[in-house]
$ cat run-v2.txt   # compact mmCIF, C-alpha atoms and all ligand atoms
# COMPACT_ATOMS: atom_id res chain seq x y z
CA MET A 124 0.00 0.00 0.00
CA LEU A 125 1.24 3.48 -0.87
CA THR A 126 1.61 5.61 2.28
CA SER A 127 2.06 9.35 2.21
CA PRO A 128 5.41 10.68 3.37
CA ILE A 129 5.82 11.85 6.95
CA LEU A 130 5.87 15.63 7.24
CA LEU A 131 8.84 16.95 9.19
CA ASP A 132 9.26 20.32 7.51
CA TYR A 133 7.30 22.63 9.78
CA GLN A 134 10.00 25.29 9.73
CA SER A 135 9.28 25.80 6.03
CA SER A 136 5.67 26.54 6.80
CA THR A 137 2.87 25.51 9.14
CA PRO A 138 -0.82 24.89 8.52
CA CYS A 139 -3.29 27.43 9.93
CA LEU A 140 -4.81 26.25 13.21
CA ASP A 141 -8.61 25.81 13.13
CA GLU A 142 -9.09 28.73 15.52
CA VAL A 143 -7.00 30.90 13.21
CA VAL A 144 -9.16 29.99 10.21
CA GLU A 145 -12.33 30.64 12.25
CA SER A 146 -11.06 34.05 13.34
CA MET A 147 -10.49 35.04 9.69
CA ASN A 148 -13.78 33.72 8.31
CA PRO A 149 -16.01 36.80 8.67
CA PHE A 150 -13.41 39.01 7.05
CA TRP A 151 -13.36 37.24 3.67
CA THR A 152 -17.02 37.60 2.80
CA LYS A 153 -19.08 39.65 5.25
CA ASN A 154 -16.72 42.22 6.73
CA PHE A 155 -14.62 42.85 3.65
CA ALA A 156 -14.39 46.64 3.86
CA ASN A 157 -11.15 48.55 3.38
CA PRO A 158 -9.42 49.23 6.71
CA SER A 159 -7.38 52.05 5.17
CA SER A 160 -10.34 54.23 4.37
CA LYS A 161 -12.63 56.08 6.74
CA SER A 162 -15.13 57.01 4.02
CA ASN A 163 -18.08 55.00 5.36
CA LEU A 164 -19.19 53.05 8.40
CA ALA A 165 -18.02 49.67 7.04
CA ASN A 166 -14.54 51.04 6.41
CA ILE A 167 -14.46 52.69 9.84
CA ASN A 168 -15.34 49.33 11.41
CA ALA A 169 -12.61 47.58 9.40
CA SER A 170 -10.13 50.23 10.47
CA ALA A 171 -11.13 49.65 14.11
CA VAL A 172 -10.51 45.90 13.70
CA LEU A 173 -7.05 46.66 12.30
CA GLU A 174 -6.20 48.93 15.23
CA VAL A 175 -7.55 46.43 17.77
CA SER A 176 -5.32 43.77 16.17
CA ARG A 177 -2.33 46.11 16.46
CA GLU A 178 -3.09 46.74 20.14
CA ARG A 179 -3.64 43.04 20.86
CA ILE A 180 -0.30 42.10 19.32
CA LYS A 181 1.37 44.77 21.47
CA GLU A 182 -0.27 43.21 24.49
CA TYR A 183 0.61 39.57 23.59
CA LEU A 184 4.22 40.47 22.81
CA ASN A 185 4.43 42.83 25.80
CA LEU A 186 5.50 45.80 23.69
CA LYS A 187 5.47 49.17 25.39
CA LYS A 188 7.82 51.20 23.23
CA LYS A 189 7.51 49.69 19.77
CA LYS A 190 5.53 50.66 16.70
CA ILE A 191 3.91 47.80 14.76
CA ILE A 192 4.03 47.76 10.96
CA PHE A 193 2.14 45.05 9.12
CA THR A 194 3.92 43.69 6.05
CA SER A 195 3.50 40.74 3.67
CA GLY A 196 5.95 38.56 5.62
CA ALA A 197 9.42 38.36 7.08
CA THR A 198 11.10 38.93 3.71
CA GLU A 199 9.44 42.29 3.29
CA SER A 200 10.02 43.22 6.95
CA ASN A 201 13.76 42.54 6.62
CA ASN A 202 14.01 44.51 3.38
CA LEU A 203 12.08 47.44 4.81
CA ALA A 204 14.12 47.52 8.01
CA LEU A 205 17.56 47.16 6.42
CA ILE A 206 17.25 49.05 3.15
CA GLY A 207 14.80 51.55 4.66
CA TYR A 208 17.05 52.38 7.61
CA ALA A 209 20.26 52.44 5.53
CA ARG A 210 18.69 54.83 3.00
CA ASN A 211 17.57 57.10 5.82
CA PHE A 212 21.07 57.02 7.32
CA PHE A 213 22.52 58.14 3.99
CA LYS A 214 19.89 60.84 3.62
CA ASN A 215 20.70 62.27 7.05
CA ASN A 216 24.49 61.84 7.00
CA GLY A 217 25.42 62.12 3.34
CA LYS A 218 27.70 59.08 3.62
CA TYR A 219 27.54 55.34 3.38
CA GLY A 220 28.36 53.66 6.67
CA HIS A 221 29.29 50.17 7.77
CA ILE A 222 26.89 47.28 8.48
CA ILE A 223 27.52 44.02 10.36
CA THR A 224 25.67 40.75 9.92
CA LEU A 225 26.24 37.01 10.28
CA LYS A 226 27.09 34.66 7.39
CA THR A 227 24.28 32.30 8.47
CA GLU A 228 21.43 34.82 8.18
CA HIS A 229 18.43 34.06 5.97
CA GLN A 230 18.76 35.22 2.35
CA ALA A 231 16.06 37.79 3.11
CA VAL A 232 18.70 39.57 5.22
CA LEU A 233 21.83 38.73 3.23
CA GLU A 234 20.44 39.75 -0.16
CA PRO A 235 19.26 43.25 0.82
CA LEU A 236 22.54 43.85 2.68
CA ARG A 237 24.59 42.71 -0.32
CA LYS A 238 22.53 45.06 -2.49
CA LEU A 239 23.39 47.89 -0.11
CA GLN A 240 27.05 46.88 -0.34
CA LYS A 241 26.89 47.25 -4.12
CA GLU A 242 25.42 50.72 -3.63
CA GLY A 243 28.44 51.81 -1.55
CA TYR A 244 27.80 50.78 2.06
CA SER A 245 30.47 48.54 3.55
CA LEU A 246 29.43 45.16 4.93
CA THR A 247 31.03 42.64 7.28
CA GLU A 248 29.56 39.12 7.34
CA ILE A 249 30.86 37.49 10.52
CA GLU A 250 31.59 33.77 10.44
CA PRO A 251 29.85 31.95 13.29
CA GLU A 252 31.63 29.48 15.53
CA GLU A 253 31.41 25.76 14.78
CA ASP A 254 28.24 25.51 16.91
CA GLY A 255 26.55 28.25 14.87
CA LEU A 256 26.76 30.90 17.58
CA ILE A 257 28.34 34.31 17.20
CA SER A 258 31.50 35.03 19.19
CA GLN A 259 31.73 38.24 21.17
CA LYS A 260 35.36 38.68 20.14
CA LYS A 261 34.58 38.45 16.42
CA PHE A 262 31.71 40.89 16.87
CA LEU A 263 33.89 43.41 18.74
CA ASP A 264 36.63 43.01 16.10
CA ALA A 265 34.13 43.70 13.33
CA LEU A 266 32.94 47.00 14.81
CA LYS A 267 34.21 50.18 13.13
CA PRO A 268 33.70 53.84 14.04
CA GLU A 269 31.39 54.09 11.00
CA THR A 270 29.23 51.05 11.93
CA PHE A 271 25.63 52.26 12.04
CA LEU A 272 23.56 49.09 11.58
CA VAL A 273 23.76 45.48 12.82
CA SER A 274 21.45 42.61 11.82
CA ILE A 275 21.72 39.31 13.69
CA MET A 276 18.84 36.82 13.76
CA LEU A 277 17.30 35.55 17.00
CA ALA A 278 17.04 31.90 15.88
CA ASN A 279 18.37 30.27 12.75
CA ASN A 280 15.89 28.70 10.35
CA GLU A 281 18.22 25.88 9.25
CA ILE A 282 20.10 24.86 12.39
CA GLY A 283 17.75 26.34 15.00
CA VAL A 284 20.48 27.97 17.12
CA ILE A 285 19.39 30.85 19.32
CA GLN A 286 21.87 33.73 19.27
CA PRO A 287 22.88 35.59 22.44
CA LEU A 288 21.34 38.90 21.44
CA GLU A 289 21.46 40.56 24.87
CA TRP A 290 25.14 41.50 24.72
CA ILE A 291 24.88 42.49 21.05
CA ALA A 292 21.97 44.80 21.91
CA SER A 293 23.86 46.35 24.79
CA ILE A 294 27.05 46.96 22.75
CA CYS A 295 24.98 48.47 19.92
CA LYS A 296 23.09 50.69 22.34
CA SER A 297 26.32 51.92 23.98
CA LYS A 298 27.68 52.93 20.55
CA GLY A 299 24.47 54.37 19.11
CA ILE A 300 24.25 51.60 16.48
CA ILE A 301 20.78 50.50 15.35
CA PHE A 302 20.22 46.77 15.86
CA HIS A 303 17.80 44.70 13.77
CA SER A 304 16.92 41.06 14.40
CA ASP A 305 15.06 38.56 12.23
CA ALA A 306 12.89 36.56 14.64
CA ALA A 307 10.70 34.94 11.96
CA GLN A 308 10.97 31.47 13.49
CA CYS A 309 10.55 32.31 17.16
CA ILE A 310 7.11 33.26 18.53
CA GLY A 311 5.64 30.36 20.49
CA PHE A 312 8.75 28.21 20.47
CA MET A 313 10.94 29.84 23.10
CA PRO A 314 10.45 32.16 26.05
CA MET A 315 10.06 35.58 24.49
CA PRO A 316 12.79 37.98 25.61
CA ASP A 317 11.86 41.58 26.41
CA LEU A 318 11.33 42.73 22.82
CA ASP A 319 11.48 46.40 23.79
CA LEU A 320 15.10 45.81 24.84
CA LEU A 321 16.10 43.01 22.46
CA ALA A 322 16.59 45.10 19.32
CA ASN A 323 15.51 48.39 17.74
CA MET A 324 13.81 46.63 14.82
CA ILE A 325 12.46 43.05 14.86
CA THR A 326 10.97 40.93 12.08
CA PHE A 327 8.23 38.30 12.47
CA SER A 328 6.37 36.00 10.08
CA SER A 329 2.89 34.53 10.44
CA HIS A 330 3.12 31.29 8.45
CA LYS A 331 5.90 29.91 10.65
CA ILE A 332 3.64 30.04 13.71
CA TYR A 333 0.41 28.43 12.46
CA GLY A 334 -0.95 31.66 11.00
CA PRO A 335 -1.81 32.48 7.37
CA LYS A 336 0.76 33.10 4.66
CA GLY A 337 1.18 36.58 3.24
CA VAL A 338 1.44 38.61 6.43
CA GLY A 339 4.28 39.57 8.74
CA LEU A 340 5.40 42.23 11.14
CA LEU A 341 8.18 44.71 11.50
CA ILE A 342 8.28 46.21 14.96
CA ILE A 343 10.46 49.27 15.42
CA ASP A 344 11.35 51.66 18.21
CA GLU A 345 9.21 54.77 18.21
CA GLY A 346 11.37 57.50 16.75
CA ILE A 347 13.43 55.37 14.34
CA GLU A 348 13.22 56.84 10.87
CA ILE A 349 13.14 54.57 7.85
CA GLU A 350 12.56 55.36 4.21
CA PRO A 351 9.59 53.48 2.74
CA LEU A 352 10.46 51.16 -0.14
CA SER A 353 7.11 51.73 -1.86
CA LEU A 354 5.08 54.87 -2.22
CA GLY A 355 1.32 55.16 -2.30
CA GLY A 356 -1.58 55.69 0.05
CA GLY A 357 0.42 56.28 3.22
CA GLN A 358 -0.80 53.23 5.16
CA GLU A 359 1.21 51.84 8.06
CA PHE A 360 2.60 55.25 9.08
CA GLY A 361 3.62 55.86 5.45
CA LEU A 362 6.18 53.05 5.73
CA ARG A 363 4.27 50.29 3.96
CA PRO A 364 1.58 51.72 1.72
CA GLY A 365 -1.13 49.53 0.23
CA THR A 366 -4.43 48.13 1.46
CA ILE A 367 -3.93 45.94 4.51
CA PRO A 368 -5.21 42.34 4.11
CA LEU A 369 -7.47 42.41 7.15
CA PRO A 370 -8.33 38.66 7.21
CA LEU A 371 -4.62 37.82 7.31
CA VAL A 372 -3.94 40.39 10.03
CA VAL A 373 -6.79 39.00 12.15
CA GLY A 374 -5.55 35.42 11.61
CA PHE A 375 -1.96 36.38 12.44
CA THR A 376 -3.13 38.13 15.62
CA LYS A 377 -4.98 34.95 16.68
CA ALA A 378 -1.92 32.80 15.84
CA ILE A 379 0.28 35.04 18.03
CA GLU A 380 -2.24 34.85 20.89
CA ILE A 381 -2.32 31.04 20.72
CA ALA A 382 1.45 30.73 20.29
CA ILE A 383 2.18 32.91 23.32
CA ASN A 384 -0.43 31.20 25.51
CA ASN A 385 0.88 27.71 24.67
CA ASN A 386 4.57 28.56 24.48
CA SER A 387 5.99 26.38 27.23
CA GLN A 388 3.61 23.46 26.64
CA ASN A 389 4.40 23.42 22.91
CA ALA A 390 8.13 23.76 23.48
CA GLU A 391 8.03 20.80 25.85
CA GLN A 392 6.08 18.62 23.40
CA LEU A 393 8.23 19.56 20.41
CA SER A 394 11.57 19.08 22.17
CA PHE A 395 10.38 15.74 23.57
CA TYR A 396 9.73 14.46 20.03
CA ARG A 397 12.88 16.08 18.64
CA ASP A 398 15.07 14.54 21.36
CA ASN A 399 13.49 11.09 20.86
CA LEU A 400 14.09 11.38 17.14
CA LEU A 401 17.75 12.23 17.67
CA LYS A 402 18.19 9.46 20.24
CA GLY A 403 16.65 6.85 17.95
CA LEU A 404 18.73 7.95 14.99
CA GLN A 405 21.95 8.01 17.02
CA GLU A 406 21.29 4.49 18.30
CA ASN A 407 20.97 3.14 14.77
CA ILE A 408 23.47 5.42 13.01
CA PRO A 409 26.28 6.29 15.45
CA SER A 410 28.18 8.41 12.92
CA ILE A 411 25.49 11.13 12.78
CA VAL A 412 26.71 14.69 13.37
CA VAL A 413 24.31 17.26 14.81
CA ASN A 414 24.77 20.71 13.28
CA GLY A 415 24.53 23.66 15.65
CA SER A 416 24.42 23.93 19.42
CA MET A 417 21.92 21.52 21.03
CA ASP A 418 21.94 23.68 24.11
CA LYS A 419 20.79 26.97 22.60
CA ARG A 420 18.29 25.75 20.05
CA LEU A 421 14.66 25.97 18.98
CA PRO A 422 12.74 22.95 20.33
CA HIS A 423 11.42 21.79 16.96
CA ASN A 424 14.66 21.81 15.00
CA LEU A 425 17.11 19.05 14.22
CA ASN A 426 19.81 19.39 11.57
CA ILE A 427 22.06 16.43 10.96
CA THR A 428 24.83 15.31 8.65
CA PHE A 429 25.34 11.68 7.64
CA LEU A 430 29.07 11.24 7.27
CA ASP A 431 29.26 8.14 5.16
CA VAL A 432 26.64 8.65 2.47
CA ASN A 433 26.22 10.35 -0.87
CA GLY A 434 23.89 13.33 -0.40
CA SER A 435 22.21 13.00 -3.73
CA LEU A 436 21.31 9.36 -3.12
CA LEU A 437 20.10 10.22 0.37
CA HIS A 438 17.67 12.87 -0.86
CA LYS A 439 16.41 10.70 -3.69
CA ARG A 440 15.59 7.87 -1.27
CA LEU A 441 14.10 10.17 1.39
CA LYS A 442 11.75 11.94 -1.02
CA SER A 443 8.94 9.39 -0.97
CA LYS A 444 9.27 8.67 2.77
CA ILE A 445 9.88 11.92 4.62
CA ILE A 446 9.21 15.54 3.76
CA CYS A 447 12.15 17.47 5.17
CA SER A 448 14.51 20.23 4.10
CA SER A 449 17.97 20.02 2.69
CA GLY A 450 19.98 23.02 1.65
CA SER A 451 21.61 20.60 -0.70
CA ALA A 452 22.86 20.73 -4.24
CA CYS A 453 20.55 17.86 -4.99
CA SER A 454 17.35 19.50 -3.83
CA ASN A 455 17.37 23.12 -4.91
CA GLY A 456 20.62 23.51 -6.76
CA LYS A 457 22.52 25.16 -3.94
CA PRO A 458 24.41 23.77 -0.96
CA SER A 459 23.39 25.27 2.38
CA HIS A 460 25.28 28.53 2.99
CA VAL A 461 24.60 27.99 6.69
CA LEU A 462 26.32 24.59 6.86
CA LEU A 463 29.21 25.83 4.73
CA ALA A 464 29.64 28.78 7.11
CA LEU A 465 29.92 26.28 10.00
CA GLY A 466 32.91 24.77 8.23
CA LYS A 467 31.19 21.77 6.63
CA SER A 468 32.61 20.52 3.34
CA LEU A 469 30.42 20.62 0.25
CA ARG A 470 29.97 16.85 0.51
CA GLU A 471 28.93 17.08 4.17
CA ALA A 472 26.54 19.96 3.47
CA GLU A 473 24.92 17.85 0.76
CA ALA A 474 24.55 14.84 3.03
CA SER A 475 22.60 16.87 5.60
CA ILE A 476 18.93 17.31 6.40
CA ARG A 477 16.76 19.57 8.53
CA LEU A 478 13.95 17.77 10.30
CA SER A 479 11.45 20.15 11.89
CA ILE A 480 8.74 18.87 14.19
CA GLY A 481 5.24 20.35 14.23
CA LEU A 482 2.30 20.48 16.59
CA MET A 483 0.63 17.78 14.46
CA THR A 484 3.62 15.39 14.69
CA SER A 485 2.85 12.13 16.53
CA SER A 486 5.07 9.62 18.30
CA ASP A 487 4.20 7.24 15.47
CA ASP A 488 5.68 9.73 12.97
CA ILE A 489 8.88 9.87 15.03
CA GLU A 490 9.19 6.08 15.27
CA LYS A 491 8.55 5.62 11.55
CA THR A 492 11.06 8.34 10.68
CA ILE A 493 13.76 6.65 12.74
CA ILE A 494 13.04 3.34 11.00
CA GLU A 495 12.90 4.80 7.48
CA ILE A 496 16.06 6.90 7.79
CA SER A 497 17.98 4.05 9.41
CA LYS A 498 16.93 1.67 6.61
CA ILE A 499 17.96 4.13 3.91
CA ILE A 500 21.35 4.84 5.50
CA GLU A 501 22.03 1.12 5.87
CA ILE A 502 21.39 0.64 2.14
CA ILE A 503 23.32 3.65 0.81
CA LYS A 504 26.26 4.05 3.19
CA TYR A 505 29.77 3.56 1.80
CA LYS A 506 30.89 0.07 2.77
C1 LIG B 1 14.62 33.37 9.51
C2 LIG B 1 13.72 33.65 8.36
N1 LIG B 1 13.65 34.89 7.85
C3 LIG B 1 12.85 35.20 6.84
C4 LIG B 1 12.06 34.26 6.24
C5 LIG B 1 11.14 34.65 5.11
O1 LIG B 1 9.83 34.62 5.64
P1 LIG B 1 8.50 34.92 4.80
O2 LIG B 1 8.18 33.66 4.10
O3 LIG B 1 7.50 35.33 5.83
O4 LIG B 1 8.83 36.03 3.87
C6 LIG B 1 12.10 32.95 6.71
C7 LIG B 1 11.32 31.88 6.04
O5 LIG B 1 11.86 30.94 5.52
C8 LIG B 1 12.94 32.64 7.80
O6 LIG B 1 13.01 31.40 8.29

$ encode --input "run-v2.txt" --output "C-alpha cells" --more "lines below"
Ligand SMILES: Cc1ncc(COP(=O)(O)O)c(C=O)c1O
Amino acid sequence: MLTSPILLDYQSSTPCLDEVVESMNPFWTKNFANPSSKSNLANINASAVLEVSRERIKEYLNLKKKKIIFTSGATESNNLALIGYARNFFKNNGKYGHIITLKTEHQAVLEPLRKLQKEGYSLTEIEPEEDGLISQKKFLDALKPETFLVSIMLANNEIGVIQPLEWIASICKSKGIIFHSDAAQCIGFMPMPDLDLLANMITFSSHKIYGPKGVGLLIIDEGIEIEPLSLGGGQEFGLRPGTIPLPLVVGFTKAIEIAINNNSQNAEQLSFYRDNLLKGLQENIPSIVVNGSMDKRLPHNLNITFLDVNGSLLHKRLKSKIICSSGSACSNGKPSHVLLALGKSLREAEASIRLSIGLMTSSDDIEKTIIEISKIIEIIKYK
C-alpha cells in the first residue's frame, strides 16, 4: 500500500490552526471593507478591527515602546528595516556607513545587505563558531567607528540555534548603532525575551507560527526613521503603503495569541519528540553529526549530517518517505550557505537534512522516521 510521506518540515511553513481559520472567516465575505479608508461606516469598522489587532499584538508580545508595521511577511520586513534604515542614514548623513551581519542569516537579510554593499555601504559578514553561535570577540573586532547598523537573527531557520542577542543589543546601544533582528521562526517556540530591549527593529512572520501566509510584522522603536520602499496611500505610518489584508492580520493576531499562551507546553512537546528522534537515529546510526548547538536551540529543529553517504542518493531515497529540508545541491541547486559557514565541506553539506517537528507530529511519525532513515542509511552508506 502506498503511504504518504511523513511531514517533518514545519520550519518551512505551518498549517493554519482551526481557531485561526475561524477568526479570519467573517473578514473574507461579510466584513470585507477597506481598513485604510474612513469614508463610510463599514470602512471605519474595518479600520477599528485593524487597530484592535495592532493593540492586541502589542499586548501579547508585551511591547510598550515599539511601533507595529504590518507587512507581507518576514522577507518584506527585513528589506524594509535594512534598506529603509540604511537609506535614511545616507539621507541624514550624506555618507555610506558600515553594516555588520552574520554569514548564516536568511537570504532575506543577506540579499538586501549585499545590495546595499553594491550601492556603496560597507558590509562585514561574521563567520559563526562551529556551533553556529556568534562570538563576542569576532563581533567586537568587526565594529568600526562608522558602523551604524547590525542585523543578527534571533534563531536560525536551518540549524535552530538561538543567538545571544542581549550582549549584542547592549554593545549596539552603547555605541548608538541600530540593531535589527530577524525573529521569523521564534514566537511560540521559546520564552520571548523583552522585545522592547532586544533590538531596535524586529521581524516576524505569520506562516511559521500556524498563522496564514502573506502577512508579517516589523516592529520598530518609536522614533526610528526609515525610508519606505514603496510609495502610495500612506498606510502603516507611510512606511508600507497599500491596502492591509485584514483577514490575514486578524488570523496572524490569533496565531500570536495562541502561540504565546501555549509557548511552554508546545516547546516541551516539540523538544520531547525532537530529542526522541535524535536518540533513535543516534542508536541506529552512530556516525550522525548534529549541526549547531543543542543547548541553545529551537525545540522543533534538528539538523544532521550523515558522514558516510552520498547526499544526492540520500535525498532521492528520502523523497517518498519523509518531507524534510535540505539546503543541498541535490534539492534546490545550492548547498546550504549555513552549513558551509559552519565549516562543513560541500559533501557534508549535501549529506545533511533539517527535520522540523510540528504540533501535528505524533510519536508514530517519530518512530517511523527513525526506521525509514535508518533503513535508507544502511542501504546507501559507503561500505
Ligand atoms: C529566519 C527567516 N527569515 C525570513 C524568512 C522569510 O519569511 P517569509 O516567508 O514570511 O517572507 C524565513 C522563512 O523561511 C525565515 O526562516

$ closest_atom_pairs --input "run-v2.txt" --of "chain A" --to "ligand LIG 1 (chain B)" --cutoff "9 Å" --atoms "only C-alpha atoms and all ligand atoms" --output "tab-separated table"
residue	atom	partner	partner_atom	distance
A:Gln134	CA	B:LIG1	O6	7.0
A:Ser135	CA	B:LIG1	O5	5.8
A:Ser136	CA	B:LIG1	O5	7.7
A:Ser195	CA	B:LIG1	O3	7.1
A:Gly196	CA	B:LIG1	O3	3.6
A:Ala197	CA	B:LIG1	O3	3.8
A:Thr198	CA	B:LIG1	O4	3.7
A:Glu199	CA	B:LIG1	O4	6.3
A:Ser200	CA	B:LIG1	O4	7.9
A:Asn201	CA	B:LIG1	C3	7.4
A:Glu228	CA	B:LIG1	C1	7.1
A:His229	CA	B:LIG1	N1	5.2
A:Gln230	CA	B:LIG1	C3	7.4
A:Ala231	CA	B:LIG1	C3	5.6
A:Val232	CA	B:LIG1	N1	7.4
A:Met276	CA	B:LIG1	C1	6.9
A:Leu277	CA	B:LIG1	C1	8.2
A:Ala278	CA	B:LIG1	C1	7.0
A:Asn279	CA	B:LIG1	C1	5.8
A:Asn280	CA	B:LIG1	O6	4.5
A:Glu281	CA	B:LIG1	O6	7.7
A:Asp305	CA	B:LIG1	C1	5.9
A:Ala306	CA	B:LIG1	C1	6.3
A:Ala307	CA	B:LIG1	C2	4.9
A:Gln308	CA	B:LIG1	O6	5.6
A:Cys309	CA	B:LIG1	C1	8.7
A:Thr326	CA	B:LIG1	N1	7.8
A:Phe327	CA	B:LIG1	O3	7.3
A:Ser328	CA	B:LIG1	O3	4.4
A:Ser329	CA	B:LIG1	O3	6.6
A:His330	CA	B:LIG1	O3	6.5
A:Lys331	CA	B:LIG1	C7	7.4
A:Lys336	CA	B:LIG1	O3	7.2
A:Gly337	CA	B:LIG1	O3	6.9
A:Val338	CA	B:LIG1	O3	6.9
A:Gly339	CA	B:LIG1	O3	6.1
A:Leu340	CA	B:LIG1	O3	9.0

$ atom_distance --input "run-v2.txt" --atom1 "atom CA of A:Met315" --atom2 "atom CA of A:Lys419"
13.9 Å

$ residues_near_point --input "run-v2.txt" --point "(23.9, 43.4, 15.1)" --cutoff "10 Å" --atoms "all atoms listed in the file" --output "NGL selection string"
:A and (222-225 or 262 or 266 or 270-276 or 288 or 290-292 or 294-295 or 300-304 or 322)

$ closest_residue --input "run-v2.txt" --among "A:Ser297, A:Leu173, A:Ser127, A:Thr152" --to "A:Leu369" --atoms "all atoms listed in the file"
A:Leu173

$ closest_residue --input "run-v2.txt" --among "A:Ser416, A:Gly220, A:Gly311, A:Lys153" --to "A:Pro251" --atoms "all atoms listed in the file"
A:Ser416

$ residues_around --input "run-v2.txt" --residues "A:Glu471" --least-positions-apart "5" --cutoff "8 Å" --atoms "all atoms listed in the file" --output "list in words"
Thr428, Phe429, Leu430 and Gly434 of chain A

$ write_last_selection --input "run-v2.txt" --atoms "C-alpha atoms" --output "mmCIF file, in the coordinates of the input"
data_model
loop_
_atom_site.group_PDB
_atom_site.id
_atom_site.type_symbol
_atom_site.label_atom_id
_atom_site.label_comp_id
_atom_site.auth_asym_id
_atom_site.auth_seq_id
_atom_site.Cartn_x
_atom_site.Cartn_y
_atom_site.Cartn_z
ATOM 1 C CA THR A 428 24.830 15.310 8.650
ATOM 2 C CA PHE A 429 25.340 11.680 7.640
ATOM 3 C CA LEU A 430 29.070 11.240 7.270
ATOM 4 C CA GLY A 434 23.890 13.330 -0.400
#

$ atom_distance --input "run-v2.txt" --atom1 "atom CA of A:Arg477" --atom2 "atom CA of A:Gly283"
9.4 Å

$ closest_atom_pairs --input "run-v2.txt" --of "stretch 314-346 of chain A" --to "stretch 180-189 of chain A" --cutoff "10 Å" --atoms "all atoms listed in the file" --output "JSON lines"
{"residue": "A:Met315", "atom": "CA", "partner": "A:Leu184", "partner_atom": "CA", "distance": 7.8}
{"residue": "A:Pro316", "atom": "CA", "partner": "A:Leu184", "partner_atom": "CA", "distance": 9.4}
{"residue": "A:Asp317", "atom": "CA", "partner": "A:Asn185", "partner_atom": "CA", "distance": 7.6}
{"residue": "A:Leu318", "atom": "CA", "partner": "A:Leu186", "partner_atom": "CA", "distance": 6.6}
{"residue": "A:Asp319", "atom": "CA", "partner": "A:Leu186", "partner_atom": "CA", "distance": 6.0}
{"residue": "A:Leu320", "atom": "CA", "partner": "A:Lys188", "partner_atom": "CA", "distance": 9.2}
{"residue": "A:Asn323", "atom": "CA", "partner": "A:Lys189", "partner_atom": "CA", "distance": 8.4}
{"residue": "A:Met324", "atom": "CA", "partner": "A:Lys189", "partner_atom": "CA", "distance": 8.6}
{"residue": "A:Ile325", "atom": "CA", "partner": "A:Lys189", "partner_atom": "CA", "distance": 9.6}
{"residue": "A:Leu340", "atom": "CA", "partner": "A:Ile180", "partner_atom": "CA", "distance": 10.0}
{"residue": "A:Leu341", "atom": "CA", "partner": "A:Lys189", "partner_atom": "CA", "distance": 9.7}
{"residue": "A:Ile342", "atom": "CA", "partner": "A:Lys189", "partner_atom": "CA", "distance": 6.0}
{"residue": "A:Ile343", "atom": "CA", "partner": "A:Lys189", "partner_atom": "CA", "distance": 5.3}
{"residue": "A:Asp344", "atom": "CA", "partner": "A:Lys189", "partner_atom": "CA", "distance": 4.6}
{"residue": "A:Glu345", "atom": "CA", "partner": "A:Lys189", "partner_atom": "CA", "distance": 5.6}
{"residue": "A:Gly346", "atom": "CA", "partner": "A:Lys189", "partner_atom": "CA", "distance": 9.2}

$ atom_distance --input "run-v2.txt" --atom1 "atom CA of A:Gly361" --atom2 "atom CA of A:Ile332"
27.1 Å

$ closest_residue --input "run-v2.txt" --among "A:Ala165, A:Pro314, A:Ser146, A:Ala204" --to "A:Asn385" --atoms "only C-alpha atoms"
A:Pro314

$ axis_aligned_box --input "run-v2.txt" --around "stretch 215-222 of chain A" --padding-each-side "3 Å" --output "lines of an AutoDock Vina configuration file"
center_x = 25.0
center_y = 54.8
center_z = 5.9
size_x = 14.6
size_y = 21.0
size_z = 11.1

$ residues_around --input "run-v2.txt" --residues "A:Asp431" --least-positions-apart "3" --cutoff "12 Å" --atoms "all atoms listed in the file" --output "PDB file with C-alpha atoms, in the coordinates of the input"
ATOM      1  CA  ILE A 408      23.470   5.420  13.010  1.00  0.00           C
ATOM      2  CA  PRO A 409      26.280   6.290  15.450  1.00  0.00           C
ATOM      3  CA  SER A 410      28.180   8.410  12.920  1.00  0.00           C
ATOM      4  CA  ILE A 411      25.490  11.130  12.780  1.00  0.00           C
ATOM      5  CA  VAL A 412      26.710  14.690  13.370  1.00  0.00           C
ATOM      6  CA  THR A 428      24.830  15.310   8.650  1.00  0.00           C
ATOM      7  CA  GLY A 434      23.890  13.330  -0.400  1.00  0.00           C
ATOM      8  CA  LEU A 436      21.310   9.360  -3.120  1.00  0.00           C
ATOM      9  CA  LEU A 437      20.100  10.220   0.370  1.00  0.00           C
ATOM     10  CA  ARG A 470      29.970  16.850   0.510  1.00  0.00           C
ATOM     11  CA  GLU A 471      28.930  17.080   4.170  1.00  0.00           C
ATOM     12  CA  GLU A 473      24.920  17.850   0.760  1.00  0.00           C
ATOM     13  CA  ALA A 474      24.550  14.840   3.030  1.00  0.00           C
ATOM     14  CA  SER A 475      22.600  16.870   5.600  1.00  0.00           C
ATOM     15  CA  ILE A 500      21.350   4.840   5.500  1.00  0.00           C
ATOM     16  CA  GLU A 501      22.030   1.120   5.870  1.00  0.00           C
ATOM     17  CA  ILE A 502      21.390   0.640   2.140  1.00  0.00           C
ATOM     18  CA  ILE A 503      23.320   3.650   0.810  1.00  0.00           C
ATOM     19  CA  LYS A 504      26.260   4.050   3.190  1.00  0.00           C
ATOM     20  CA  TYR A 505      29.770   3.560   1.800  1.00  0.00           C
ATOM     21  CA  LYS A 506      30.890   0.070   2.770  1.00  0.00           C
TER      22      LYS A 506
END

$ residues_near_point --input "run-v2.txt" --point "(11.0, 14.2, 17.6)" --cutoff "10 Å" --atoms "only C-alpha atoms" --output "PyMOL selection string"
chain A and resi 131+392-403+422-425+478-481+484-490+492-493

$ closest_residue --input "run-v2.txt" --among "A:Thr227, A:Ile349, A:Lys298, A:Asn389" --to "A:Arg210" --atoms "only C-alpha atoms"
A:Ile349

$ closest_residue --input "run-v2.txt" --among "A:Tyr133, A:Lys377, A:Ala171, A:Phe213" --to "A:Met147" --atoms "only C-alpha atoms"
A:Lys377
